[in-house]
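Chemist: Input file: target.pdb. Contents: PDB, C-alpha atoms.
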ATOM      1  CA  MET X   1     -64.123 -10.158 -81.867
ATOM      2  CA  LYS X   2     -60.358  -9.808 -81.908
ATOM      3  CA  SER X   3     -58.107  -9.294 -78.981
ATOM      4  CA  SER X   4     -54.478  -8.322 -78.681
ATOM      5  CA  PHE X   5     -52.533  -8.245 -75.494
ATOM      6  CA  THR X   6     -49.294  -7.411 -73.833
ATOM      7  CA  TRP X   7     -48.028  -9.022 -70.651
ATOM      8  CA  ASN X   8     -47.168  -7.171 -67.493
ATOM      9  CA  GLU X   9     -46.527  -8.604 -64.046
ATOM     10  CA  ARG X  10     -46.231  -6.846 -60.728
ATOM     11  CA  VAL X  11     -46.169  -7.717 -57.038
ATOM     12  CA  LEU X  12     -48.684  -6.148 -54.638
ATOM     13  CA  ILE X  13     -47.779  -4.573 -51.307
ATOM     14  CA  PHE X  14     -48.672  -6.739 -48.314
ATOM     15  CA  ALA X  15     -51.865  -6.288 -46.373
ATOM     16  CA  ALA X  16     -51.751  -6.909 -42.636
ATOM     17  CA  GLY X  17     -50.940 -10.525 -41.890
ATOM     18  CA  MET X  18     -50.295 -11.383 -45.559
ATOM     19  CA  LEU X  19     -47.125 -12.224 -47.436
ATOM     20  CA  CYS X  20     -46.959 -11.248 -51.117
ATOM     21  CA  LEU X  21     -44.314 -13.108 -53.141
ATOM     22  CA  PRO X  22     -43.696 -14.004 -56.787
ATOM     23  CA  LEU X  23     -44.591 -17.677 -56.950
ATOM     24  CA  VAL X  24     -42.231 -20.332 -58.189
ATOM     25  CA  PRO X  25     -44.220 -22.440 -60.718
ATOM     26  CA  SER X  26     -46.279 -24.972 -58.784
ATOM     27  CA  THR X  27     -48.971 -27.535 -59.437
ATOM     28  CA  SER X  28     -49.955 -27.725 -55.758
ATOM     29  CA  ALA X  29     -53.639 -28.043 -54.886
ATOM     30  CA  GLN X  30     -53.120 -25.265 -52.311
ATOM     31  CA  VAL X  31     -52.720 -22.664 -55.079
ATOM     32  CA  GLN X  32     -55.994 -20.799 -55.678
ATOM     33  CA  THR X  33     -56.669 -18.538 -58.651
ATOM     34  CA  GLN X  34     -59.099 -15.632 -58.920
ATOM     35  CA  THR X  35     -59.589 -13.664 -62.147
ATOM     36  CA  THR X  36     -61.381 -10.335 -62.628
ATOM     37  CA  THR X  37     -61.842  -8.162 -65.719
ATOM     38  CA  THR X  38     -62.074  -4.357 -65.605
ATOM     39  CA  SER X  39     -63.223  -2.384 -68.664
ATOM     40  CA  GLY X  40     -62.179   1.161 -69.516
ATOM     41  CA  VAL X  41     -63.975   3.843 -71.522
ATOM     42  CA  PRO X  42     -64.741   2.631 -75.073
ATOM     43  CA  THR X  43     -63.914   4.697 -78.145
ATOM     44  CA  GLN X  44     -65.632   4.570 -81.540
ATOM     45  CA  GLU X  45     -64.358   5.126 -85.062
ATOM     46  CA  VAL X  46     -66.743   5.539 -88.006
ATOM     47  CA  LYS X  47     -65.578   4.742 -91.557
ATOM     48  CA  ILE X  48     -67.850   5.548 -94.530
ATOM     49  CA  GLU X  49     -67.361   4.071 -98.018
ATOM     50  CA  SER X  50     -69.615   4.689-101.022
ATOM     51  CA  GLY X  51     -70.001   3.477-104.589
ATOM     52  CA  GLU X  52     -72.310   2.107-107.285
ATOM     53  CA  VAL X  53     -73.375  -1.487-107.847
ATOM     54  CA  VAL X  54     -71.753  -2.890-110.996
ATOM     55  CA  ALA X  55     -72.834  -6.523-110.846
ATOM     56  CA  VAL X  56     -73.937  -9.379-108.632
ATOM     57  CA  LYS X  57     -72.426 -12.808-109.371
ATOM     58  CA  GLY X  58     -73.554 -15.565-107.063
ATOM     59  CA  ASN X  59     -73.143 -14.105-103.585
ATOM     60  CA  ASP X  60     -70.381 -11.721-104.652
ATOM     61  CA  LEU X  61     -71.218  -8.032-104.916
ATOM     62  CA  PHE X  62     -69.111  -5.847-107.240
ATOM     63  CA  VAL X  63     -69.142  -2.103-106.515
ATOM     64  CA  LYS X  64     -67.459   0.789-108.307
ATOM     65  CA  MET X  65     -66.094   2.964-105.518
ATOM     66  CA  ASP X  66     -65.951   6.752-105.574
ATOM     67  CA  ASP X  67     -62.235   6.617-106.427
ATOM     68  CA  GLY X  68     -63.007   4.611-109.587
ATOM     69  CA  SER X  69     -61.764   1.242-108.316
ATOM     70  CA  ILE X  70     -63.899  -1.904-108.539
ATOM     71  CA  ARG X  71     -64.261  -3.786-105.267
ATOM     72  CA  ASP X  72     -65.518  -7.307-104.754
ATOM     73  CA  PHE X  73     -67.508  -7.941-101.568
ATOM     74  CA  PRO X  74     -67.540 -11.768-101.500
ATOM     75  CA  ASN X  75     -69.896 -14.196 -99.833
ATOM     76  CA  ILE X  76     -72.712 -11.816 -98.916
ATOM     77  CA  PRO X  77     -74.991 -14.000 -96.750
ATOM     78  CA  GLU X  78     -78.506 -14.822 -97.832
ATOM     79  CA  SER X  79     -79.689 -13.329 -94.532
ATOM     80  CA  ALA X  80     -78.531  -9.863 -95.586
ATOM     81  CA  LYS X  81     -81.651  -7.974 -96.638
ATOM     82  CA  ALA X  82     -82.351  -4.566 -98.171
ATOM     83  CA  THR X  83     -85.524  -2.698 -97.284
ATOM     84  CA  VAL X  84     -86.791  -1.044-100.473
ATOM     85  CA  ASP X  85     -90.254   0.531-100.503
ATOM     86  CA  GLY X  86     -91.329  -1.787 -97.707
ATOM     87  CA  ARG X  87     -89.940  -4.907 -99.415
ATOM     88  CA  GLN X  88     -87.087  -7.073 -98.143
ATOM     89  CA  LEU X  89     -84.593  -7.671-100.958
ATOM     90  CA  GLY X  90     -81.695 -10.109-100.815
ATOM     91  CA  ILE X  91     -78.286 -10.056-102.505
ATOM     92  CA  HIS X  92     -79.650 -11.537-105.744
ATOM     93  CA  GLU X  93     -82.201  -8.722-106.092
ATOM     94  CA  LEU X  94     -79.675  -5.891-106.025
ATOM     95  CA  LYS X  95     -79.427  -4.175-109.389
ATOM     96  CA  PRO X  96     -76.614  -2.402-111.285
ATOM     97  CA  GLY X  97     -76.816   1.347-110.866
ATOM     98  CA  MET X  98     -77.791   1.222-107.203
ATOM     99  CA  LYS X  99     -75.690   3.697-105.195
ATOM    100  CA  LEU X 100     -74.573   2.411-101.827
ATOM    101  CA  ALA X 101     -72.885   3.902 -98.797
ATOM    102  CA  ARG X 102     -71.423   1.570 -96.159
ATOM    103  CA  ALA X 103     -70.779   2.797 -92.617
ATOM    104  CA  THR X 104     -68.535   0.677 -90.382
ATOM    105  CA  VAL X 105     -68.490   1.522 -86.674
ATOM    106  CA  THR X 106     -65.490   0.085 -84.800
ATOM    107  CA  THR X 107     -65.772   0.115 -81.006
ATOM    108  CA  THR X 108     -62.531  -0.342 -79.045
ATOM    109  CA  THR X 109     -62.782  -1.095 -75.327
ATOM    110  CA  PRO X 110     -59.615  -1.322 -73.204
ATOM    111  CA  GLN X 111     -59.703  -4.037 -70.567
ATOM    112  CA  VAL X 112     -57.409  -5.325 -67.839
ATOM    113  CA  VAL X 113     -57.636  -8.963 -66.774
ATOM    114  CA  THR X 114     -56.227  -9.355 -63.254
ATOM    115  CA  THR X 115     -55.278 -12.841 -62.082
ATOM    116  CA  VAL X 116     -54.420 -13.395 -58.425
ATOM    117  CA  GLU X 117     -52.823 -16.679 -57.353
ATOM    118  CA  THR X 118     -52.595 -17.254 -53.612
ATOM    119  CA  VAL X 119     -50.975 -20.006 -51.568
ATOM    120  CA  THR X 120     -50.944 -20.514 -47.796
ATOM    121  CA  GLY X 121     -48.277 -22.352 -45.826
ATOM    122  CA  LYS X 122     -46.046 -22.489 -42.757
ATOM    123  CA  VAL X 123     -42.464 -21.206 -42.861
ATOM    124  CA  TRP X 124     -40.235 -24.290 -42.959
ATOM    125  CA  HIS X 125     -36.985 -22.555 -43.839
ATOM    126  CA  VAL X 126     -35.975 -19.018 -44.825
ATOM    127  CA  THR X 127     -32.807 -17.925 -46.598
ATOM    128  CA  PRO X 128     -32.860 -14.153 -46.155
ATOM    129  CA  PRO X 129     -33.118 -12.066 -48.127
ATOM    130  CA  SER X 130     -33.657 -14.214 -51.222
ATOM    131  CA  SER X 131     -36.135 -17.044 -50.579
ATOM    132  CA  VAL X 132     -38.450 -18.852 -48.201
ATOM    133  CA  ILE X 133     -39.682 -22.453 -48.162
ATOM    134  CA  LEU X 134     -43.276 -23.004 -47.082
ATOM    135  CA  THR X 135     -44.895 -26.238 -45.969
ATOM    136  CA  LEU X 136     -48.299 -26.410 -47.675
ATOM    137  CA  GLU X 137     -51.470 -27.995 -46.342
ATOM    138  CA  ASN X 138     -50.673 -31.273 -48.117
ATOM    139  CA  GLY X 139     -47.310 -31.448 -46.346
ATOM    140  CA  LYS X 140     -45.310 -30.602 -49.457
ATOM    141  CA  ASN X 141     -42.554 -27.989 -49.276
ATOM    142  CA  GLU X 142     -42.486 -25.218 -51.926
ATOM    143  CA  GLU X 143     -39.829 -22.538 -52.408
ATOM    144  CA  PHE X 144     -40.748 -18.882 -53.120
ATOM    145  CA  ARG X 145     -38.401 -16.105 -54.216
ATOM    146  CA  ILE X 146     -38.473 -12.865 -52.217
ATOM    147  CA  PRO X 147     -38.172  -9.571 -54.192
ATOM    148  CA  ASP X 148     -35.368  -7.174 -53.280
ATOM    149  CA  GLY X 149     -36.387  -4.826 -50.477
ATOM    150  CA  GLN X 150     -39.684  -6.599 -49.827
ATOM    151  CA  LYS X 151     -41.311  -5.716 -46.486
ATOM    152  CA  PHE X 152     -43.822  -7.968 -44.743
ATOM    153  CA  MET X 153     -46.622  -7.266 -42.283
ATOM    154  CA  VAL X 154     -46.872 -10.091 -39.727
ATOM    155  CA  ASP X 155     -49.339  -9.684 -36.849
ATOM    156  CA  GLY X 156     -49.391  -5.913 -37.424
ATOM    157  CA  THR X 157     -45.600  -5.574 -37.416
ATOM    158  CA  GLU X 158     -43.552  -4.754 -40.515
ATOM    159  CA  ARG X 159     -40.716  -7.208 -41.086
ATOM    160  CA  ASP X 160     -38.176  -7.913 -43.776
ATOM    161  CA  ALA X 161     -37.058 -11.387 -44.843
ATOM    162  CA  TRP X 162     -34.739 -11.559 -41.834
ATOM    163  CA  GLY X 163     -37.799 -11.328 -39.575
ATOM    164  CA  LEU X 164     -39.471 -14.473 -40.912
ATOM    165  CA  LYS X 165     -39.192 -17.383 -38.512
ATOM    166  CA  GLN X 166     -39.838 -21.109 -38.758
ATOM    167  CA  GLY X 167     -43.437 -21.956 -37.911
ATOM    168  CA  MET X 168     -44.997 -18.643 -39.005
ATOM    169  CA  VAL X 169     -48.138 -19.130 -41.119
ATOM    170  CA  VAL X 170     -48.062 -16.855 -44.167
ATOM    171  CA  THR X 171     -50.005 -16.367 -47.387
ATOM    172  CA  ALA X 172     -48.104 -15.731 -50.614
ATOM    173  CA  ALA X 173     -49.775 -14.048 -53.592
ATOM    174  CA  LYS X 174     -48.831 -13.360 -57.193
ATOM    175  CA  VAL X 175     -50.753 -10.721 -59.165
ATOM    176  CA  VAL X 176     -50.583 -10.715 -62.974
ATOM    177  CA  GLU X 177     -52.251  -7.936 -65.002
ATOM    178  CA  THR X 178     -52.928  -8.554 -68.688
ATOM    179  CA  PRO X 179     -54.045  -5.515 -70.728
ATOM    180  CA  LEU X 180     -56.468  -6.451 -73.509
ATOM    181  CA  THR X 181     -58.113  -4.558 -76.339
ATOM    182  CA  ASN X 182     -61.658  -5.685 -77.147
ATOM    183  CA  ILE X 183     -62.610  -4.670 -80.711
ATOM    184  CA  SER X 184     -66.102  -5.064 -82.178
ATOM    185  CA  LYS X 185     -67.460  -3.926 -85.544
ATOM    186  CA  GLN X 186     -70.950  -3.158 -86.803
ATOM    187  CA  THR X 187     -71.669  -2.537 -90.481
ATOM    188  CA  ALA X 188     -74.690  -0.914 -92.131
ATOM    189  CA  VAL X 189     -75.197  -0.193 -95.838
ATOM    190  CA  ALA X 190     -77.613   2.447 -97.103
ATOM    191  CA  GLY X 191     -78.304   3.439-100.667
ATOM    192  CA  THR X 192     -80.763   4.272-103.433
ATOM    193  CA  MET X 193     -82.027   2.425-106.449
ATOM    194  CA  PRO X 194     -81.964   4.438-109.662
ATOM    195  CA  SER X 195     -85.035   6.700-109.483
ATOM    196  CA  ASP X 196     -86.310   4.762-106.494
ATOM    197  CA  LEU X 197     -86.628   5.050-102.729
ATOM    198  CA  PRO X 198     -83.726   4.822-100.237
ATOM    199  CA  VAL X 199     -82.392   1.394 -99.387
ATOM    200  CA  LEU X 200     -81.110   0.213 -96.007
ATOM    201  CA  ILE X 201     -79.121  -2.998 -95.828
ATOM    202  CA  PHE X 202     -77.820  -4.589 -92.646
ATOM    203  CA  ILE X 203     -75.028  -7.103 -93.175
ATOM    204  CA  PRO X 204     -74.445  -9.390 -90.180
ATOM    205  CA  LYS X 205     -70.888  -9.742 -88.901
TER     206      LYS X 205
END
Go ahead and express the file in the form of structure tokens.
Modeler:
Amino acid sequence: MKSSFTWNERVLIFAAGMLCLPLVPSTSAQVQTQTTTTSGVPTQEVKIESGEVVAVKGNDLFVKMDDGSIRDFPNIPESAKATVDGRQLGIHELKPGMKLARATVTTTTPQVVTTVETVTGKVWHVTPPSSVILTLENGKNEEFRIPDGQKFMVDGTERDAWGLKQGMVVTAAKVVETPLTNISKQTAVAGTMPSDLPVLIFIPK
């Protein structure tokens, strides 16, 4: 499974009685982290390749593709089996002249990993409108930046940074959303032996 990601950060609007601020980096024990993952609708792409077995050398399979090129499929595992007329055949029992078709199904599932870091403390000092210093449960003071235009709900009343007073107990939260792409592949190979029955080979990932 491969994942790629981009990074995006945003600040949530305050719920009643909560303060939502970007956190200054902190190693305080009062910082709590909660992570959730939400998956979107997966999409599938099917790719079909076909050709004729030319040779088997060790665990390498050589196939002449429909476009005339010779492709080497290296390190075919011993566990890969072909069902031919009720018999399970391994890589070393494949014969030249066998025609194969390989279908690869790629499933892509978008995901969003949301990480919420929260910290609770008492207002020790506020420098409106830019920052506030909170005293945490361990007695340590931590400084938090306040976004431009941020409004706060304190005891059901909306306040700006100028409305924060020493001694108020507030909770600061940082929300980081990381989009991910979860990609998985499944491969199946089907084919026929010359003048023989159809073959179905499953190659593990």
Chemist: To one decimal in Å, tell me the separation between CA of Glu143 in chain X and CA of Thr114 in chain X.
Modeler: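 Rounded to one decimal, the two atoms are 23.7 Å apart.
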Chemist: List the spatial neighbours of Thr127 in chain X as a compact mmCIF listing (two decimals) with C-alpha atoms, in the coordinates of the input - criterion: any atom at most 10 Å away, all atoms listed in the file, same-chain residues fewer than 4 positions off excluded.
Modeler:
# COMPACT_ATOMS: atom_id res chain seq x y z
CA SER X 131 -36.14 -17.04 -50.58
CA VAL X 132 -38.45 -18.85 -48.20
CA ILE X 133 -39.68 -22.45 -48.16
CA ARG X 145 -38.40 -16.10 -54.22
CA ILE X 146 -38.47 -12.86 -52.22
CA ALA X 161 -37.06 -11.39 -44.84
CA TRP X 162 -34.74 -11.56 -41.83
CA LEU X 164 -39.47 -14.47 -40.91
Chemist: Please indicate the distance in Å from CA of Thr36 in chain X to CA of Ile183 in chain X, rounded to one decimal place.
Modeler: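 Result for CA of Thr36 in chain X versus CA of Ile183 in chain X: 19.0 Å, one decimal.
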Chemist: Got a sec: who's within 7 Å of range 104-111 of chain X, counting only C-alpha atoms, leaving out chain neighbours fewer than 5 positions off, as a ChimeraX atom specification?
Modeler: /X:37-48,179-188
Chemist: Between X:Leu134, X:Val126, X:Val54, X:Ile76, single out the one closest to Ile91 in chain X, counting all atoms listed in the file.
Modeler: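 Smallest separation from Ile91 in chain X among the options: X:Ile76.
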Chemist: If we count only C-alpha atoms, what is near Thr135 in chain X at a cut-off of 12 Å, once residues fewer than 5 positions away on the same chain are taken out, given as number ranges by chain?
Modeler: X: 28, 30, 119-126, 140-144, 166-172
